[in-house]
>>> print(open('protein08.txt').read())   # compact mmCIF, C-alpha atoms and all ligand atoms
# COMPACT_ATOMS: atom_id res chain seq x y z
CA MET A 28 27.85 -29.29 22.21
CA THR A 29 24.27 -29.04 20.86
CA LYS A 30 23.61 -25.98 18.81
CA GLN A 31 21.39 -23.27 20.22
CA THR A 32 18.73 -21.49 18.17
CA ILE A 33 17.44 -17.96 17.98
CA LEU A 34 14.15 -18.15 16.11
CA VAL A 35 12.88 -14.91 14.58
CA ALA A 36 9.28 -14.74 13.32
CA GLY A 37 8.79 -12.10 10.62
CA SER A 38 10.79 -10.56 7.76
CA GLY A 39 9.68 -6.95 8.20
CA PHE A 40 11.86 -4.08 9.39
CA ALA A 41 12.04 -5.48 12.91
CA GLY A 42 12.61 -9.08 11.85
CA VAL A 43 15.38 -8.32 9.36
CA TRP A 44 17.27 -6.06 11.78
CA THR A 45 16.79 -8.59 14.58
CA VAL A 46 18.53 -11.24 12.49
CA LEU A 47 21.35 -8.90 11.42
CA ALA A 48 21.96 -7.65 14.96
CA ALA A 49 21.85 -11.16 16.44
CA ALA A 50 24.34 -12.41 13.82
CA ARG A 51 26.63 -9.48 14.62
CA ALA A 52 26.57 -10.14 18.38
CA ILE A 53 27.25 -13.85 17.80
CA ALA A 54 30.18 -12.95 15.53
CA LEU A 55 31.52 -10.51 18.15
CA ALA A 56 31.62 -13.40 20.62
CA GLY A 57 33.09 -15.78 18.01
CA ARG A 58 30.18 -18.20 18.53
CA GLU A 59 29.02 -18.66 14.93
CA ASP A 60 29.56 -22.43 15.12
CA ASP A 61 27.25 -23.07 18.03
CA ILE A 62 24.29 -20.71 17.56
CA ASP A 63 21.85 -20.77 14.64
CA VAL A 64 19.80 -17.74 13.70
CA ILE A 65 16.66 -18.78 11.83
CA MET A 66 14.07 -16.47 10.31
CA VAL A 67 10.57 -17.81 9.60
CA ALA A 68 8.30 -15.76 7.30
CA PRO A 69 6.08 -16.41 4.28
CA GLN A 70 8.74 -14.98 1.92
CA PRO A 71 12.35 -13.85 2.34
CA ARG A 72 11.17 -10.35 1.49
CA LEU A 73 10.98 -7.12 3.45
CA ALA A 74 7.64 -5.46 2.74
CA ILE A 75 8.15 -1.70 2.59
CA ARG A 76 4.75 -0.96 4.14
CA PRO A 77 5.31 2.81 4.53
CA ARG A 78 5.20 3.08 0.72
CA PHE A 79 2.01 1.11 0.08
CA TYR A 80 -0.04 4.30 -0.36
CA GLU A 81 2.13 5.34 -3.31
CA ALA A 82 0.88 5.41 -6.89
CA VAL A 83 3.65 3.25 -8.36
CA LEU A 84 4.04 -0.06 -6.55
CA GLU A 85 7.51 -1.04 -7.69
CA ASN A 86 10.32 -2.56 -5.59
CA MET A 87 7.98 -2.67 -2.60
CA ASP A 88 9.26 -5.96 -1.15
CA PRO A 89 12.99 -6.40 -1.75
CA ASP A 90 14.43 -9.92 -1.48
CA VAL A 91 16.59 -10.38 1.62
CA SER A 92 17.82 -13.97 0.96
CA GLU A 93 21.35 -12.93 0.04
CA LEU A 94 21.49 -10.58 3.01
CA LEU A 95 20.51 -13.38 5.39
CA GLU A 96 23.05 -15.70 3.78
CA ALA A 97 25.79 -13.05 4.04
CA VAL A 98 25.43 -12.99 7.83
CA GLY A 99 25.07 -16.77 8.11
CA ALA A 100 21.35 -16.83 9.01
CA ARG A 101 18.90 -19.46 7.73
CA PHE A 102 15.51 -18.76 6.20
CA VAL A 103 12.54 -21.10 6.62
CA ASP A 104 9.45 -20.29 4.54
CA GLY A 105 6.09 -20.46 6.26
CA ILE A 106 4.26 -18.96 9.19
CA VAL A 107 4.66 -19.49 12.89
CA GLU A 108 1.32 -20.92 14.02
CA THR A 109 2.19 -21.19 17.70
CA ILE A 110 5.24 -19.96 19.55
CA GLY A 111 5.43 -22.77 22.11
CA THR A 112 5.82 -20.45 25.05
CA GLU A 113 6.08 -23.38 27.51
CA THR A 114 7.71 -26.05 25.35
CA HIS A 115 10.11 -23.68 23.55
CA GLU A 116 9.16 -25.40 20.31
CA ALA A 117 7.39 -23.34 17.64
CA ALA A 118 4.87 -24.90 15.25
CA ILE A 119 5.53 -23.83 11.67
CA LEU A 120 3.16 -24.19 8.73
CA ARG A 121 5.46 -24.36 5.71
CA ASN A 122 4.45 -22.82 2.37
CA ASP A 123 4.08 -26.33 0.86
CA GLY A 124 1.42 -27.16 3.45
CA THR A 125 3.61 -29.41 5.62
CA ARG A 126 4.09 -28.80 9.34
CA GLU A 127 7.37 -28.61 11.18
CA ALA A 128 8.45 -27.95 14.77
CA ILE A 129 11.49 -25.82 15.48
CA GLY A 130 12.94 -25.79 18.99
CA TRP A 131 14.33 -22.48 20.20
CA ASN A 132 16.46 -21.09 22.99
CA ARG A 133 15.39 -17.52 22.29
CA PHE A 134 12.29 -16.55 20.29
CA VAL A 135 11.85 -13.07 18.81
CA LEU A 136 8.32 -12.06 17.86
CA ALA A 137 8.55 -9.67 14.89
CA THR A 138 5.29 -10.48 13.12
CA GLY A 139 4.23 -6.83 13.00
CA SER A 140 0.69 -5.58 12.76
CA ARG A 141 -2.40 -5.58 10.58
CA VAL A 142 -5.01 -2.94 9.94
CA ALA A 143 -7.82 -3.39 12.46
CA MET A 144 -11.12 -4.29 10.78
CA PRO A 145 -14.01 -3.57 13.15
CA PRO A 146 -17.46 -5.03 12.40
CA ILE A 147 -18.68 -2.14 10.25
CA PRO A 148 -21.25 -3.43 7.74
CA GLY A 149 -19.67 -3.90 4.31
CA LEU A 150 -16.14 -3.02 5.42
CA ASP A 151 -14.59 -6.39 4.57
CA ASN A 152 -16.22 -6.66 1.18
CA HIS A 153 -16.30 -3.12 -0.12
CA ALA A 154 -13.51 -1.08 1.46
CA PHE A 155 -9.88 -1.00 0.33
CA THR A 156 -6.80 -0.72 2.52
CA VAL A 157 -3.13 0.04 1.89
CA ASP A 158 -1.94 -2.12 4.77
CA GLN A 159 -0.41 -5.12 2.98
CA LEU A 160 1.08 -5.31 -0.51
CA ASP A 161 -1.67 -7.49 -2.00
CA GLN A 162 -4.26 -5.01 -0.70
CA ALA A 163 -2.34 -2.07 -2.17
CA HIS A 164 -2.27 -3.87 -5.54
CA ARG A 165 -6.01 -4.49 -5.29
CA LEU A 166 -6.63 -0.77 -4.73
CA ASP A 167 -4.26 0.11 -7.57
CA ALA A 168 -6.09 -2.20 -9.99
CA HIS A 169 -9.42 -0.71 -8.90
CA ILE A 170 -8.18 2.87 -9.45
CA ASN A 171 -6.83 1.95 -12.88
CA GLY A 172 -10.27 0.55 -13.72
CA LEU A 173 -12.20 3.69 -12.74
CA PRO A 174 -12.21 5.22 -16.25
CA ASP A 175 -14.22 2.17 -17.41
CA LEU A 176 -17.03 2.87 -14.94
CA PRO A 177 -20.13 4.90 -15.90
CA GLU A 178 -19.54 8.65 -15.78
CA THR A 179 -21.18 9.40 -12.45
CA PRO A 180 -19.88 11.61 -9.60
CA ALA A 181 -19.17 8.40 -7.63
CA ARG A 182 -16.54 7.43 -10.19
CA HIS A 183 -14.22 10.27 -9.18
CA THR A 184 -15.18 10.27 -5.48
CA VAL A 185 -13.05 8.68 -2.75
CA VAL A 186 -13.91 8.41 0.93
CA VAL A 187 -10.95 7.81 3.23
CA ALA A 188 -11.88 6.70 6.74
CA GLY A 189 -9.11 7.69 9.14
CA GLY A 190 -7.23 10.99 9.24
CA GLY A 191 -3.98 9.68 10.73
CA PHE A 192 -0.73 9.17 8.82
CA THR A 193 -1.93 6.40 6.56
CA GLY A 194 -5.27 8.03 5.78
CA LEU A 195 -3.70 11.40 4.99
CA GLU A 196 -1.04 9.89 2.75
CA ALA A 197 -3.57 7.71 0.94
CA ALA A 198 -6.05 10.58 0.50
CA THR A 199 -3.53 13.07 -0.88
CA GLU A 200 -1.96 10.51 -3.23
CA LEU A 201 -5.35 9.36 -4.52
CA HIS A 202 -6.42 12.96 -5.08
CA GLU A 203 -3.38 13.49 -7.27
CA ARG A 204 -3.97 10.25 -9.20
CA LEU A 205 -7.62 11.00 -9.87
CA ARG A 206 -6.88 14.64 -10.74
CA THR A 207 -4.57 13.46 -13.52
CA MET A 208 -6.89 10.62 -14.54
CA PHE A 209 -10.08 12.68 -14.87
CA ALA A 210 -8.76 16.17 -15.77
CA PRO A 211 -10.34 18.67 -16.22
CA GLN A 212 -12.93 17.10 -13.89
CA ALA A 213 -11.69 17.68 -10.31
CA PRO A 214 -11.83 14.62 -8.06
CA ARG A 215 -13.76 14.60 -4.79
CA VAL A 216 -11.77 13.16 -1.91
CA VAL A 217 -13.29 13.20 1.58
CA ILE A 218 -11.46 12.36 4.81
CA VAL A 219 -13.72 11.16 7.61
CA ASP A 220 -12.46 11.00 11.19
CA PRO A 221 -14.10 11.04 14.64
CA ALA A 222 -11.59 13.62 15.98
CA PRO A 223 -12.87 17.18 16.42
CA GLU A 224 -10.44 18.36 13.72
CA ILE A 225 -8.54 16.47 11.02
CA GLY A 226 -4.89 16.34 12.05
CA ALA A 227 -5.73 16.94 15.73
CA GLU A 228 -3.27 14.19 16.73
CA PHE A 229 -0.42 16.21 15.19
CA GLY A 230 -0.77 19.03 17.72
CA ASP A 231 -1.44 22.73 17.07
CA GLU A 232 1.21 23.81 14.58
CA ALA A 233 1.58 20.60 12.54
CA GLY A 234 -2.17 19.95 12.70
CA ARG A 235 -2.89 23.41 11.34
CA THR A 236 -0.37 22.85 8.55
CA VAL A 237 -2.09 19.56 7.65
CA ARG A 238 -5.52 21.24 7.46
CA GLU A 239 -4.14 24.10 5.34
CA ALA A 240 -2.49 21.62 2.98
CA LEU A 241 -5.74 19.64 2.59
CA ALA A 242 -7.69 22.82 1.93
CA GLU A 243 -5.16 23.95 -0.66
CA ILE A 244 -5.28 20.59 -2.46
CA GLY A 245 -9.08 20.63 -2.31
CA ILE A 246 -9.64 17.63 -0.02
CA GLU A 247 -12.86 17.73 2.02
CA GLN A 248 -12.48 17.34 5.77
CA ARG A 249 -15.29 15.66 7.69
CA PRO A 250 -14.19 15.61 11.35
CA GLY A 251 -16.46 14.40 14.13
CA VAL A 252 -18.00 11.53 12.15
CA LEU A 253 -17.42 7.82 11.79
CA LEU A 254 -17.77 5.50 8.85
CA ALA A 255 -20.99 3.61 9.64
CA ALA A 256 -21.37 1.28 6.64
CA VAL A 257 -19.90 0.65 3.19
CA ASP A 258 -21.51 -0.79 0.08
CA ALA A 259 -20.61 -1.08 -3.57
CA ASP A 260 -21.84 2.46 -4.27
CA GLY A 261 -20.51 4.45 -1.35
CA ALA A 262 -20.26 5.16 2.34
CA GLN A 263 -22.80 5.79 5.07
CA LEU A 264 -21.59 8.11 7.85
CA SER A 265 -22.52 8.20 11.53
CA ASP A 266 -24.28 11.59 11.15
CA GLY A 267 -26.78 9.96 8.81
CA SER A 268 -25.28 11.39 5.62
CA ARG A 269 -24.23 9.32 2.64
CA ILE A 270 -21.47 9.82 0.09
CA GLU A 271 -21.78 8.11 -3.28
CA ALA A 272 -18.25 6.87 -3.98
CA ALA A 273 -16.68 4.15 -6.11
CA THR A 274 -13.74 4.03 -3.73
CA VAL A 275 -13.75 3.77 0.06
CA VAL A 276 -10.41 3.37 1.82
CA TRP A 277 -10.19 2.16 5.40
CA ALA A 278 -7.16 3.53 7.29
CA ALA A 279 -8.30 3.73 10.88
CA GLY A 280 -5.85 1.98 13.11
CA VAL A 281 -3.74 -1.14 13.33
CA ARG A 282 -3.46 -4.03 15.77
CA ALA A 283 -0.49 -6.12 16.76
CA HIS A 284 -0.25 -9.55 15.11
CA PRO A 285 -2.47 -12.16 16.85
CA LEU A 286 0.59 -14.17 18.01
CA ALA A 287 1.27 -11.36 20.51
CA ALA A 288 -1.79 -12.60 22.43
CA GLU A 289 0.00 -15.93 23.00
CA VAL A 290 2.74 -14.19 24.96
CA SER A 291 1.82 -13.98 28.67
CA GLY A 292 1.93 -10.65 30.45
CA GLU A 293 0.52 -7.17 29.99
CA HIS A 294 -0.79 -6.03 26.61
CA ASP A 295 -1.80 -2.54 25.49
CA VAL A 296 -5.02 -1.54 23.70
CA ALA A 297 -3.47 -2.34 20.31
CA GLY A 298 -2.59 -5.87 21.47
CA ARG A 299 1.13 -5.15 21.86
CA VAL A 300 3.11 -6.92 24.56
CA VAL A 301 4.51 -4.50 27.14
CA GLY A 302 8.23 -5.24 26.98
CA ASP A 303 10.96 -4.56 29.52
CA LEU A 304 13.99 -2.32 29.04
CA PHE A 305 15.71 -5.05 27.01
CA LEU A 306 12.60 -5.91 24.94
CA ARG A 307 12.00 -9.17 26.78
CA ALA A 308 8.43 -10.23 27.43
CA PRO A 309 8.67 -10.05 31.22
CA ALA A 310 6.23 -12.91 31.90
CA ALA A 311 7.42 -15.24 29.11
CA PRO A 312 10.96 -16.53 29.65
CA GLY A 313 13.11 -16.68 26.51
CA ILE A 314 10.79 -14.49 24.40
CA PHE A 315 11.68 -11.07 23.00
CA VAL A 316 9.09 -8.79 21.42
CA THR A 317 9.95 -6.19 18.83
CA GLY A 318 8.64 -3.86 16.12
CA ASP A 319 4.87 -3.43 16.06
CA THR A 320 4.34 -6.28 18.56
CA VAL A 321 5.97 -4.46 21.50
CA LYS A 322 5.20 -1.42 23.58
CA ALA A 323 8.44 -0.13 25.09
CA ALA A 324 9.62 3.10 26.67
CA THR A 325 11.69 5.19 24.25
CA ASP A 326 13.04 7.47 27.00
CA ASP A 327 12.73 8.03 30.73
CA ILE A 328 10.26 10.92 30.47
CA GLY A 329 7.19 8.89 29.58
CA ASN A 330 7.27 8.37 25.81
CA PHE A 331 6.71 4.97 24.17
CA ASN A 332 7.38 3.62 20.70
CA LEU A 333 4.63 3.97 18.14
CA MET A 334 3.78 1.34 15.55
CA THR A 335 6.20 2.82 13.05
CA CYS A 336 9.01 1.70 10.84
CA GLN A 337 11.16 4.35 12.48
CA HIS A 338 10.86 2.52 15.80
CA ALA A 339 10.91 -0.99 14.30
CA LEU A 340 14.35 -0.37 12.75
CA SER A 341 15.84 0.30 16.20
CA LEU A 342 13.69 -2.15 18.13
CA GLY A 343 14.85 -4.94 15.81
CA ARG A 344 18.51 -4.13 16.37
CA VAL A 345 18.08 -4.11 20.16
CA ALA A 346 15.97 -7.30 20.34
CA GLY A 347 18.36 -9.20 18.06
CA TYR A 348 21.43 -8.08 19.95
CA ASN A 349 19.90 -8.94 23.33
CA ALA A 350 18.57 -12.33 22.25
CA ALA A 351 22.11 -13.25 21.18
CA ALA A 352 23.76 -11.48 24.12
CA GLU A 353 21.83 -13.67 26.56
CA LEU A 354 23.16 -16.80 24.86
CA VAL A 355 26.78 -15.68 24.48
CA GLY A 356 27.09 -13.91 27.83
CA LEU A 357 27.42 -10.29 26.65
CA PRO A 358 25.84 -7.50 28.73
CA LEU A 359 22.32 -6.64 27.54
CA HIS A 360 21.69 -3.34 25.78
CA PRO A 361 18.74 -1.19 26.99
CA TYR A 362 16.35 0.07 24.33
CA SER A 363 16.31 3.86 24.06
CA GLN A 364 15.21 6.05 21.15
CA PRO A 365 14.66 9.57 22.45
CA LYS A 366 14.67 11.29 19.04
CA TYR A 367 11.32 11.14 17.32
CA VAL A 368 10.57 12.63 13.90
CA THR A 369 7.72 12.37 11.43
CA CYS A 370 7.61 12.95 7.68
CA LEU A 371 4.09 13.04 6.30
CA ASP A 372 3.53 12.92 2.55
CA LEU A 373 0.80 15.32 1.49
CA GLY A 374 0.74 14.58 -2.23
CA ALA A 375 0.93 17.54 -4.57
CA TRP A 376 1.39 19.95 -1.65
CA GLY A 377 4.70 18.33 -0.65
CA ALA A 378 5.53 16.78 2.73
CA LEU A 379 5.56 17.90 6.34
CA TYR A 380 8.61 17.03 8.45
CA THR A 381 8.47 17.46 12.22
CA GLU A 382 10.88 16.86 15.07
CA GLY A 383 10.14 15.98 18.67
CA TRP A 384 7.11 14.50 20.40
CA ASP A 385 5.58 18.00 20.29
CA ARG A 386 5.94 17.87 16.49
CA GLN A 387 7.78 21.09 15.74
CA VAL A 388 7.44 21.84 12.04
CA LYS A 389 10.91 21.81 10.46
CA LEU A 390 10.33 21.31 6.73
CA THR A 391 7.28 21.75 4.53
CA ARG A 392 6.26 21.44 0.86
CA ALA A 393 9.06 20.60 -1.65
CA GLU A 394 11.78 20.53 1.01
CA GLY A 395 9.78 18.09 3.09
CA LYS A 396 9.01 16.00 0.00
CA LYS A 397 12.70 15.71 -0.88
CA LEU A 398 13.37 14.24 2.56
CA LYS A 399 10.33 11.94 2.36
CA GLN A 400 11.53 10.57 -0.98
CA GLU A 401 14.94 9.87 0.51
CA ILE A 402 13.44 8.15 3.55
CA ASN A 403 11.01 6.07 1.49
CA GLY A 404 13.38 5.35 -1.37
CA VAL A 405 16.68 4.77 0.42
CA TRP A 406 16.87 4.85 4.21
CA ILE A 407 14.32 2.20 5.06
CA TYR A 408 15.53 -0.31 2.44
CA PRO A 409 17.65 -3.27 3.55
CA PRO A 410 21.41 -2.91 3.11
CA ALA A 411 23.47 -4.70 0.46
CA ALA A 412 24.55 -8.27 1.26
CA ASP A 413 28.01 -7.37 2.55
CA ARG A 414 28.68 -8.89 6.00
CA ASP A 415 31.16 -6.28 7.26
CA ALA A 416 29.15 -3.32 5.98
CA VAL A 417 25.99 -4.78 7.54
CA PHE A 418 27.66 -5.42 10.90
CA ALA A 419 28.89 -1.80 10.92
CA VAL A 420 25.27 -0.60 11.08
CA ALA A 421 23.63 -3.51 12.93
CA ASN A 422 24.69 -2.42 16.40
CA PRO A 423 21.91 -1.81 18.91
CA ASP A 424 22.57 1.92 19.32
CA PHE A 425 22.52 2.73 15.60
CA VAL A 426 19.67 5.13 14.85
CA ILE A 427 18.60 6.41 11.44
CA VAL A 428 17.18 9.90 11.77
CA PRO A 429 17.87 13.07 9.83
C1 LIG B 501 0.46 2.76 4.39
C2 LIG B 501 1.41 2.77 5.54
C3 LIG B 501 2.21 3.89 5.73
C4 LIG B 501 3.12 3.92 6.79
N1 LIG B 501 3.91 5.01 6.93
C5 LIG B 501 4.88 5.02 7.87
C6 LIG B 501 5.78 6.12 7.95
O1 LIG B 501 5.68 7.10 7.21
N2 LIG B 501 6.74 6.07 8.89
C7 LIG B 501 6.89 5.00 9.73
O2 LIG B 501 7.81 5.02 10.56
N3 LIG B 501 6.02 3.94 9.69
C8 LIG B 501 5.03 3.93 8.78
N4 LIG B 501 4.17 2.86 8.71
C9 LIG B 501 4.22 1.80 9.74
C10 LIG B 501 5.27 0.74 9.43
O3 LIG B 501 5.09 0.22 8.15
C11 LIG B 501 5.17 -0.37 10.47
O4 LIG B 501 5.29 0.18 11.76
C12 LIG B 501 6.31 -1.37 10.24
O5 LIG B 501 6.12 -2.03 9.02
C13 LIG B 501 6.41 -2.36 11.39
O6 LIG B 501 7.48 -3.22 11.14
P1 LIG B 501 7.49 -4.69 11.72
O7 LIG B 501 8.73 -5.33 11.23
O8 LIG B 501 7.23 -4.66 13.18
O9 LIG B 501 6.22 -5.41 11.09
P2 LIG B 501 5.74 -5.63 9.60
O10 LIG B 501 6.35 -4.66 8.68
O11 LIG B 501 4.25 -5.71 9.71
O12 LIG B 501 6.32 -7.05 9.23
C14 LIG B 501 5.79 -8.23 9.79
C15 LIG B 501 6.43 -9.43 9.15
O13 LIG B 501 5.95 -10.61 9.79
C16 LIG B 501 5.58 -11.57 8.80
N5 LIG B 501 4.59 -12.43 9.42
C17 LIG B 501 3.28 -12.17 9.67
N6 LIG B 501 2.72 -13.21 10.28
C18 LIG B 501 3.68 -14.14 10.46
C19 LIG B 501 3.73 -15.42 11.07
N7 LIG B 501 2.65 -15.96 11.64
N8 LIG B 501 4.91 -16.09 11.06
C20 LIG B 501 6.00 -15.55 10.52
N9 LIG B 501 6.03 -14.34 9.93
C21 LIG B 501 4.88 -13.65 9.91
C22 LIG B 501 5.10 -10.71 7.65
O14 LIG B 501 5.10 -11.44 6.46
C23 LIG B 501 6.14 -9.61 7.68
O15 LIG B 501 7.33 -10.06 7.07
C24 LIG B 501 3.22 2.81 7.67
C25 LIG B 501 2.42 1.68 7.47
C26 LIG B 501 1.52 1.66 6.43
C27 LIG B 501 0.67 0.42 6.23
>>> encode(input="protein08.txt", output="structure tokens")
Amino acid sequence: MTKQTILVAGSGFAGVWTVLAAARAIALAGREDDIDVIMVAPQPRLAIRPRFYEAVLENMDPDVSELLEAVGARFVDGIVETIGTETHEAAILRNDGTREAIGWNRFVLATGSRVAMPPIPGLDNHAFTVDQLDQAHRLDAHINGLPDLPETPARHTVVVAGGGFTGLEAATELHERLRTMFAPQAPRVVIVDPAPEIGAEFGDEAGRTVREALAEIGIEQRPGVLLAAVDADGAQLSDGSRIEAATVVWAAGVRAHPLAAEVSGEHDVAGRVVGDLFLRAPAAPGIFVTGDTVKAATDDIGNFNLMTCQHALSLGRVAGYNAAAELVGLPLHPYSQPKYVTCLDLGAWGALYTEGWDRQVKLTRAEGKKLKQEINGVWIYPPAADRDAVFAVANPDFVIVP
């Protein structure tokens, strides 16, 4: 019998858990000898993107080779250039520059997302992001070089465009770094966002807590304005004002990976494929979509997954299980993730932990920070390379929430 292949593109949270869950389902059916699980990604590393705003960039992309080996999956280095939605043969550009085609019976798109870069003058050349690890390192090197710049107000001024999760975490962390770096000179950190209030997306109670925390830290809030242009010396805002700043950070929204556009069917405004209950792409036979590339209902009362690691960890498990289940004849498992929490790092103030889609505030300050450190430092990391221990937590209904 010819072997069948489940091809998984991406080694992020969704990709890794897809592979582990697929391997588990195949093992449950005793079909290890006739189904291959192959992961394609630039490196066999899981980038811990939720930590890229942090000051110390250590252990940010743990190696998952041994983990993949432990569950019998293969790793192929490179990028998927085209999925082969009709031919069921993906085109891979290997890291050594050669090209290879890999035929698949089920394809799982787990290539994640990228920060969206709109055509704002100077954004590409002069703004920093904390979206990918190389970009976080670039910002880190720039911050470490600030003391060498001339002693102007711009040197200790940061403009952060985007007051969502990433922008708030970057702004509060940078404030703390610059406060230590330039003491007793206080840094100037400004958050710019088109919303009528910073933190508006967090709802009344959590939003108010965010604004109070920013005020206490001493971060300036500039709601109702957009970043209009960036240059080497600062930022131009949509209200005509200008802020002289050595550092401008762009944190205003992400888009699904471009390969999502290759998958037929409905897409949302962020470019995500609208998946069915089992995370299949309804108009593209054989293709599953997961993590930041899918929009899927988390419950039956109208909520959908956000582009978060929290959702990717479950979406990966469900997509992997279902991709394998279709091949081995197990019943498919519907995706459902009704519990939603957030834990927002607010630097020296602590962290804000909320529960529910209405974001009820449950923990603040040091208590919240303790939980954030546990989430960021332990919970979201890949498990040890122990097949039985991995399979015990790679089932599609396993959910990590406090
Ligand atoms: C600064 C920051 C803070 C965040 N904070 C939080 C938080 O507090 N809580 C939370 O839940 N979420 C947070 N997120 C969001 C979270 O990181 C993402 O939702 C999550 O990483 C999505 O996981 P993923 O596996 O779908 O994609 P990704 O993590 O983006 O992984 C995509 C993978 O695909 C690979 N890849 C890309 N292109 C190709 C290709 N062509 N072929 C093969 N492989 C490819 C990449 O190398 C990578 O391995 C944060 C993100 C950032 C940037």
>>> atom_distance(input="protein08.txt", atom1="atom CA of Glu81 of chain A", atom2="atom CA of Pro409 of chain A")
19.0 Å
>>> closest_atom_pairs(input="protein08.txt", of="chain A", to="ligand LIG 501 (chain B)", cutoff="6 Å", atoms="all atoms listed in the file", output="tab-separated table")
residue	atom	partner	partner_atom	distance
A:Ala36	CA	B:LIG501	C20	4.4
A:Gly37	CA	B:LIG501	O13	3.3
A:Ser38	CA	B:LIG501	O15	3.6
A:Gly39	CA	B:LIG501	O12	3.5
A:Phe40	CA	B:LIG501	O7	3.8
A:Ala41	CA	B:LIG501	O7	3.7
A:Gly42	CA	B:LIG501	O7	5.4
A:Val67	CA	B:LIG501	C20	5.2
A:Ala68	CA	B:LIG501	N9	3.8
A:Pro69	CA	B:LIG501	O14	5.5
A:Leu73	CA	B:LIG501	O15	5.9
A:Arg76	CA	B:LIG501	O3	4.2
A:Pro77	CA	B:LIG501	C4	3.3
A:Arg78	CA	B:LIG501	C3	5.9
A:Phe79	CA	B:LIG501	C1	4.9
A:Tyr80	CA	B:LIG501	C1	5.0
A:Ile106	CA	B:LIG501	N8	3.5
A:Val107	CA	B:LIG501	N8	3.9
A:Glu108	CA	B:LIG501	N7	5.7
A:Ala137	CA	B:LIG501	O8	5.5
A:Thr138	CA	B:LIG501	O13	3.4
A:Gly139	CA	B:LIG501	O9	3.1
A:Ser140	CA	B:LIG501	O11	4.7
A:Val157	CA	B:LIG501	C1	5.2
A:Asp158	CA	B:LIG501	C27	3.9
A:Thr193	CA	B:LIG501	C1	4.9
A:Gly318	CA	B:LIG501	O8	3.4
A:Asp319	CA	B:LIG501	O8	3.9
A:Met334	CA	B:LIG501	O4	4.2
A:Thr335	CA	B:LIG501	O4	3.1
A:Cys336	CA	B:LIG501	O2	3.5
A:Gln337	CA	B:LIG501	O2	3.9
A:Ala339	CA	B:LIG501	O6	5.2
>>> write_last_selection(input="protein08.txt", atoms="C-alpha atoms", output="mmCIF file, in the frame of the given file")
data_model
loop_
_atom_site.group_PDB
_atom_site.id
_atom_site.type_symbol
_atom_site.label_atom_id
_atom_site.label_comp_id
_atom_site.auth_asym_id
_atom_site.auth_seq_id
_atom_site.Cartn_x
_atom_site.Cartn_y
_atom_site.Cartn_z
ATOM 1 C CA ALA A 36 9.280 -14.740 13.320
ATOM 2 C CA GLY A 37 8.790 -12.100 10.620
ATOM 3 C CA SER A 38 10.790 -10.560 7.760
ATOM 4 C CA GLY A 39 9.680 -6.950 8.200
ATOM 5 C CA PHE A 40 11.860 -4.080 9.390
ATOM 6 C CA ALA A 41 12.040 -5.480 12.910
ATOM 7 C CA GLY A 42 12.610 -9.080 11.850
ATOM 8 C CA VAL A 67 10.570 -17.810 9.600
ATOM 9 C CA ALA A 68 8.300 -15.760 7.300
ATOM 10 C CA PRO A 69 6.080 -16.410 4.280
ATOM 11 C CA LEU A 73 10.980 -7.120 3.450
ATOM 12 C CA ARG A 76 4.750 -0.960 4.140
ATOM 13 C CA PRO A 77 5.310 2.810 4.530
ATOM 14 C CA ARG A 78 5.200 3.080 0.720
ATOM 15 C CA PHE A 79 2.010 1.110 0.080
ATOM 16 C CA TYR A 80 -0.040 4.300 -0.360
ATOM 17 C CA ILE A 106 4.260 -18.960 9.190
ATOM 18 C CA VAL A 107 4.660 -19.490 12.890
ATOM 19 C CA GLU A 108 1.320 -20.920 14.020
ATOM 20 C CA ALA A 137 8.550 -9.670 14.890
ATOM 21 C CA THR A 138 5.290 -10.480 13.120
ATOM 22 C CA GLY A 139 4.230 -6.830 13.000
ATOM 23 C CA SER A 140 0.690 -5.580 12.760
ATOM 24 C CA VAL A 157 -3.130 0.040 1.890
ATOM 25 C CA ASP A 158 -1.940 -2.120 4.770
ATOM 26 C CA THR A 193 -1.930 6.400 6.560
ATOM 27 C CA GLY A 318 8.640 -3.860 16.120
ATOM 28 C CA ASP A 319 4.870 -3.430 16.060
ATOM 29 C CA MET A 334 3.780 1.340 15.550
ATOM 30 C CA THR A 335 6.200 2.820 13.050
ATOM 31 C CA CYS A 336 9.010 1.700 10.840
ATOM 32 C CA GLN A 337 11.160 4.350 12.480
ATOM 33 C CA ALA A 339 10.910 -0.990 14.300
#
>>> closest_atom_pairs(input="protein08.txt", of="segment 154-261 of chain A", to="segment 143-150 of chain A", cutoff="12 Å", atoms="all atoms listed in the file", output="Markdown table")
| residue | atom | partner | partner_atom | distance |
| --- | --- | --- | --- | --- |
| A:Ala154 | CA | A:Leu150 | CA | 5.1 |
| A:Phe155 | CA | A:Leu150 | CA | 8.3 |
| A:Thr156 | CA | A:Met144 | CA | 10.0 |
| A:Asp158 | CA | A:Ala143 | CA | 9.8 |
| A:Ala188 | CA | A:Leu150 | CA | 10.7 |
| A:Gly189 | CA | A:Ala143 | CA | 11.6 |
| A:Leu253 | CA | A:Ile147 | CA | 10.2 |
| A:Leu254 | CA | A:Ile147 | CA | 7.8 |
| A:Ala255 | CA | A:Ile147 | CA | 6.2 |
| A:Ala256 | CA | A:Pro148 | CA | 4.8 |
| A:Val257 | CA | A:Gly149 | CA | 4.7 |
| A:Asp258 | CA | A:Gly149 | CA | 5.6 |
| A:Ala259 | CA | A:Gly149 | CA | 8.4 |
| A:Asp260 | CA | A:Gly149 | CA | 10.9 |
| A:Gly261 | CA | A:Gly149 | CA | 10.1 |
